[in-house]
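Working notes, structure below.
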Amino acid sequence: MAKKYGNLINGEEVKSRKTYKSRNSSELADIVGIFPEASKAQVRAAAQAAKDAFKTWSKTPAPIRGDLIGNIGVALTREKESLSRLLSREMGKTYKEALGDVQEAIDTCHFFQSEGRRLYGQTVPSEMPNKELLTYRRPLGVVGIITAGNFPVAVPAWKIIPALLTGNTIVWKPSEDSPATSYALVKLMLEAGLPDGVLNLVFGGGAKAAGEYLIDMIDEGLIDKFAFTGSTAVGRKIGEIAGRNLQHPTLELGGKNPLIVMRDADIENAVAGALWASFGTGGQRCTSAGNIIVDAPVYTEFKKEFVKAAKAVKIGDPNKYDDVLYGPFINERFYENWLKHYDWAKKDGAKLLYGNGRITKDNKPKGFVGDPEAAFYGWPTIWEKVTTDFKQFQTEIFGPTINLVKVNGIAEAMEAANSVDYGLSSAIYTNNREWAFIFKDNIEAGMSSINNSTTGAEAHMPFGGVKGSGNGTRESGIWVIDNYTYWHGINDDVSGKLQLAQMDTEYIEAKDEVDIDNMF
Ligand code: NAD
């Protein structure tokens, strides 16, 4: 019998009247746990608890908050394997990837633990005597966080860790696709010593549920900052509501990431990178490749090797087989959204090179292991004869599918790469210095790789996109601190009189001009 869990509000476990089941993505009959659908009153109570806790947490010295972040890193390191196993069971990514997901959160703790001893402001000279100018970073208040389920540890940690370090308090509504992993993550964070109310967790769905209720708290004045990772459509809504409240939300949204293969590329390396970018995590990463743009002289060779590699891909339950490239769809919703693109391809006239919809007992690729009907699995799918006006070229599909697009030369490759409304990640395979330079100088994306895949991030680099992929805010590294603090400028005047800037300033007058021509 699966266990029932509650929301974590003000240090207490709070059950809700309505509940839902979280299932093992690879074996739908296996129920991981039963989770609450938080009511609006519960979400409001969580926001109020965070508001109350802000008074003391924001005044706790930053180095002490940093030490606590260090404790979270220790707890996560201790439980790295158990948390990764849970993540893999609930969300369906491979154990190796799940370990990476948790490691990203540990790296984030390492980075921000010592930031508590920096969090520098500036001492700035004044234009008047006996006066000092200083700048301080101040926390924003209560941060509302909503996240997607495909990176259930790394992505929330990117937000929660810096927000806490800088003195904010939090209400987090994780994805309904990964509540157990989120519950375990928050339990580890609370174990590290977080005072009650500093980090609150509410469960439930998005529209007309906990997600929407949390956004409503912006208008109710209980949320001072919103941080969201998910689809562009929901991000836009949050942007509108935050905007009318004069807030600047963090919005990390969808992607349709180009991977370019030029005529001089190391084809073996390009195929390995393209395969991982297209089918790793079953294509369910915001940084998964959406279109592979191949230079005409190597198109035939690349296609042959890429299709060959796709045919050799091993797929199956990652909890039972540790050498699969990818597992199931996170759930039926992702499978159904992915399946639609087969119709789009038919309508627009794309040519199917490999793939055949849902994997079933009677319809499975050679590399499939286990029972395909225990969950939702998709064939690795490859299309060609796709042009930039096709729906499948422009739309994020979020599943194992990729388009091969033939171009001629770097100019055409760049035009195709920049012709989508997204701009998250991107990659080029080339050994030509000039083409690599043209790519990095002109690509419309927040993140780019040269001779590596579109996916992957390190905890000390800025993560985020442009165009439809976000509003320019960044996760990770020192840049994220700007998203959770405001700058407070202080004028400290000890002159004992009213000094007016620009008016009482004693500027030094220049002397007569020096005329070198007439000097000698
Ligand atoms: P989604 O937008 O449907 O859901 C994401 C979160 O928003 C979930 O917690 C969901 O409950 C909530 N939500 C949904 N509708 C809502 C509403 N009307 N009001 C309030 N909350 C709502 O996204 P998804 O399909 O679950 O996740 C995949 C998407 O996330 C893809 O577009 C992917 O690219 C994106 N993503 C982006 C990043 C990034 O860093 N840029 C990382 C991971 C995933």
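In the structure tokens, the first chain shown is A, the next is B, and so on; residue numbers restart at 1 for each chain, and ligands run from 1 in the order shown.
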**Message:** Taking only range 134-327 of chain A into account, list the residues labelled strand (DSSP E) by DSSP (computed from the backbone), as a ChimeraX atom specification.
**Reply:** /A:134-139,142-146,169-173,199-201,225-229,250-252,257-261,289-295,315-316
Considering only C-alpha atoms and all ligand atoms, give me a table of residues in chain A that are at most 7 Å from ligand 1, with the closest atom pair and distance in Å for each, as a tab-separated table.
residue	atom	partner	partner_atom_place_in_ligand_line	distance
A:Ile146	CA	ligand 1	9 (O)	5.2
A:Thr147	CA	ligand 1	9 (O)	4.7
A:Ala148	CA	ligand 1	5 (C)	4.0
A:Gly149	CA	ligand 1	26 (O)	6.0
A:Asn150	CA	ligand 1	43 (C)	5.9
A:Phe151	CA	ligand 1	43 (C)	6.2
A:Val155	CA	ligand 1	42 (C)	6.8
A:Lys173	CA	ligand 1	9 (O)	6.3
A:Pro174	CA	ligand 1	9 (O)	5.0
A:Ser175	CA	ligand 1	9 (O)	3.4
A:Glu176	CA	ligand 1	11 (O)	5.6
A:Gly204	CA	ligand 1	11 (O)	6.9
A:Gly205	CA	ligand 1	11 (O)	4.4
A:Gly206	CA	ligand 1	22 (C)	3.3
A:Ala207	CA	ligand 1	18 (N)	3.6
A:Lys208	CA	ligand 1	18 (N)	6.9
A:Gly211	CA	ligand 1	21 (N)	3.7
A:Glu212	CA	ligand 1	20 (C)	4.0
A:Ile215	CA	ligand 1	20 (C)	6.5
A:Thr229	CA	ligand 1	37 (C)	5.1
A:Gly230	CA	ligand 1	30 (O)	3.2
A:Ser231	CA	ligand 1	32 (O)	3.6
A:Thr232	CA	ligand 1	32 (O)	6.1
A:Ala233	CA	ligand 1	2 (O)	6.8
A:Val234	CA	ligand 1	2 (O)	5.2
A:Glu252	CA	ligand 1	41 (N)	3.8
A:Leu253	CA	ligand 1	41 (N)	4.0
A:Gly254	CA	ligand 1	34 (O)	3.2
A:Gly255	CA	ligand 1	34 (O)	5.2
A:Arg285	CA	ligand 1	43 (C)	6.0
A:Cys286	CA	ligand 1	34 (O)	3.4
A:Glu396	CA	ligand 1	32 (O)	6.9
A:Phe398	CA	ligand 1	31 (C)	6.7
A:Leu424	CA	ligand 1	41 (N)	6.9
A:Gly464	CA	ligand 1	41 (N)	6.0
A:Gly465	CA	ligand 1	41 (N)	6.9
A:Ser469	CA	ligand 1	41 (N)	6.3
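Take the candidates A:Gly470, A:Pro400, A:Gly221, A:Gly193 and check each one against Val143 in chain A using only C-alpha atoms; the shortest distance goes to A:Gly221.
With only C-alpha atoms taken into account, the protein and nucleic acid residues at most 9 Å from Asn7 in chain A (excluding it and anything under 3 positions from it in its own chain) are A:Glu12, A:Glu13, A:Val14, A:Lys15, A:Ser16, A:Phe35, A:Pro36, A:Glu37, A:Ala38, A:Gln42, A:Tyr183, A:Asn200, A:Leu201, A:Val202, A:Phe203.
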Would you save the residues from that selection as a short mmCIF file (atom, residue, chain, number, x, y, z; two decimals), in the first residue's frame, using N, CA and C atoms?
data_model
loop_
_atom_site.label_atom_id
_atom_site.label_comp_id
_atom_site.auth_asym_id
_atom_site.auth_seq_id
_atom_site.Cartn_x
_atom_site.Cartn_y
_atom_site.Cartn_z
N GLU A 12 5.70 21.83 9.23
CA GLU A 12 4.76 20.75 9.55
C GLU A 12 4.26 20.05 8.30
N GLU A 13 3.93 18.78 8.47
CA GLU A 13 3.38 18.03 7.34
C GLU A 13 1.86 18.24 7.33
N VAL A 14 1.36 18.83 6.26
CA VAL A 14 -0.06 19.21 6.20
C VAL A 14 -0.75 18.44 5.07
N LYS A 15 -1.69 17.59 5.42
CA LYS A 15 -2.40 16.79 4.40
C LYS A 15 -3.48 17.66 3.73
N SER A 16 -3.86 17.27 2.51
CA SER A 16 -4.97 17.97 1.82
C SER A 16 -6.11 16.99 1.62
N PHE A 35 0.20 11.89 -3.01
CA PHE A 35 0.56 13.27 -2.66
C PHE A 35 -0.67 14.18 -2.67
N PRO A 36 -0.59 15.24 -1.88
CA PRO A 36 -1.76 16.13 -1.77
C PRO A 36 -1.93 17.06 -2.96
N GLU A 37 -3.15 17.48 -3.16
CA GLU A 37 -3.47 18.59 -4.07
C GLU A 37 -3.75 19.77 -3.15
N ALA A 38 -2.76 20.61 -2.95
CA ALA A 38 -2.92 21.71 -1.98
C ALA A 38 -4.08 22.62 -2.37
N GLN A 42 -4.28 26.53 1.65
CA GLN A 42 -2.99 25.96 2.09
C GLN A 42 -1.81 26.67 1.41
N TYR A 183 9.78 15.89 -2.45
CA TYR A 183 9.56 15.72 -1.00
C TYR A 183 10.88 15.31 -0.33
N ASN A 200 9.00 26.20 2.15
CA ASN A 200 7.69 25.52 2.22
C ASN A 200 7.43 24.82 0.89
N LEU A 201 6.81 23.64 0.99
CA LEU A 201 6.58 22.83 -0.20
C LEU A 201 5.08 22.56 -0.33
N VAL A 202 4.50 22.94 -1.46
CA VAL A 202 3.08 22.63 -1.69
C VAL A 202 2.97 21.81 -2.98
N PHE A 203 2.11 20.80 -2.94
CA PHE A 203 1.98 19.89 -4.08
C PHE A 203 0.71 20.16 -4.86
#
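You can rank A:Leu194, A:Met91, A:Leu83, A:Ile34 by their closest distance to Asn10 in chain A using only C-alpha atoms, and at the top of that list sits A:Leu194.
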inquiry  = List the spatial neighbours of Gly446 in chain A as number ranges by chain - criterion: any atom at most 12 Å away, only C-alpha atoms, same-chain residues fewer than 2 positions off excluded.
reply    = A: 252-253, 255, 257, 287, 422-427, 440-444, 448-449, 454, 457, 461-475
Mind dumping the selected residues with C-alpha atoms as a short mmCIF file (atom, residue, chain, number, x, y, z; two decimals), in the first residue's frame?
data_model
loop_
_atom_site.label_atom_id
_atom_site.label_comp_id
_atom_site.auth_asym_id
_atom_site.auth_seq_id
_atom_site.Cartn_x
_atom_site.Cartn_y
_atom_site.Cartn_z
CA GLU A 252 13.48 29.46 -17.90
CA LEU A 253 11.38 28.11 -20.75
CA GLY A 255 13.84 25.26 -26.50
CA ASN A 257 17.94 23.77 -30.17
CA THR A 287 18.41 21.55 -24.18
CA TYR A 422 13.45 29.89 -29.27
CA GLY A 423 17.05 30.57 -28.23
CA LEU A 424 18.14 28.31 -25.38
CA SER A 425 21.04 26.09 -26.42
CA SER A 426 22.95 25.42 -29.65
CA ALA A 427 25.97 23.55 -31.00
CA LYS A 440 29.50 32.01 -31.63
CA ASP A 441 29.23 35.61 -32.82
CA ASN A 442 25.84 35.23 -34.54
CA ILE A 443 23.89 32.42 -32.93
CA GLU A 444 20.76 33.60 -31.13
CA SER A 448 26.45 27.36 -27.21
CA SER A 449 28.87 24.47 -27.63
CA THR A 454 23.54 20.93 -27.04
CA ALA A 457 25.56 22.54 -17.87
CA MET A 461 28.18 28.93 -15.72
CA PRO A 462 25.13 31.07 -16.58
CA PHE A 463 22.16 28.96 -17.71
CA GLY A 464 19.25 30.42 -19.64
CA GLY A 465 17.99 31.55 -23.01
CA VAL A 466 16.81 34.37 -25.24
CA LYS A 467 13.73 34.86 -27.47
CA GLY A 468 10.96 32.38 -26.53
CA SER A 469 13.30 30.52 -24.16
CA GLY A 470 13.26 33.10 -21.40
CA ASN A 471 13.34 36.72 -20.34
CA GLY A 472 17.10 37.03 -20.03
CA THR A 473 17.43 36.00 -16.38
CA ARG A 474 20.11 33.42 -15.66
CA GLU A 475 20.44 30.46 -13.31
#
Worksheet item: Quick one: residues within 8 Å of range 236-239 of chain A, only C-alpha atoms counted, chain neighbours fewer than 4 positions away excluded, as JSON, numbers by chain?
Response: {"A": [215, 226, 232, 243, 248, 249, 251]}
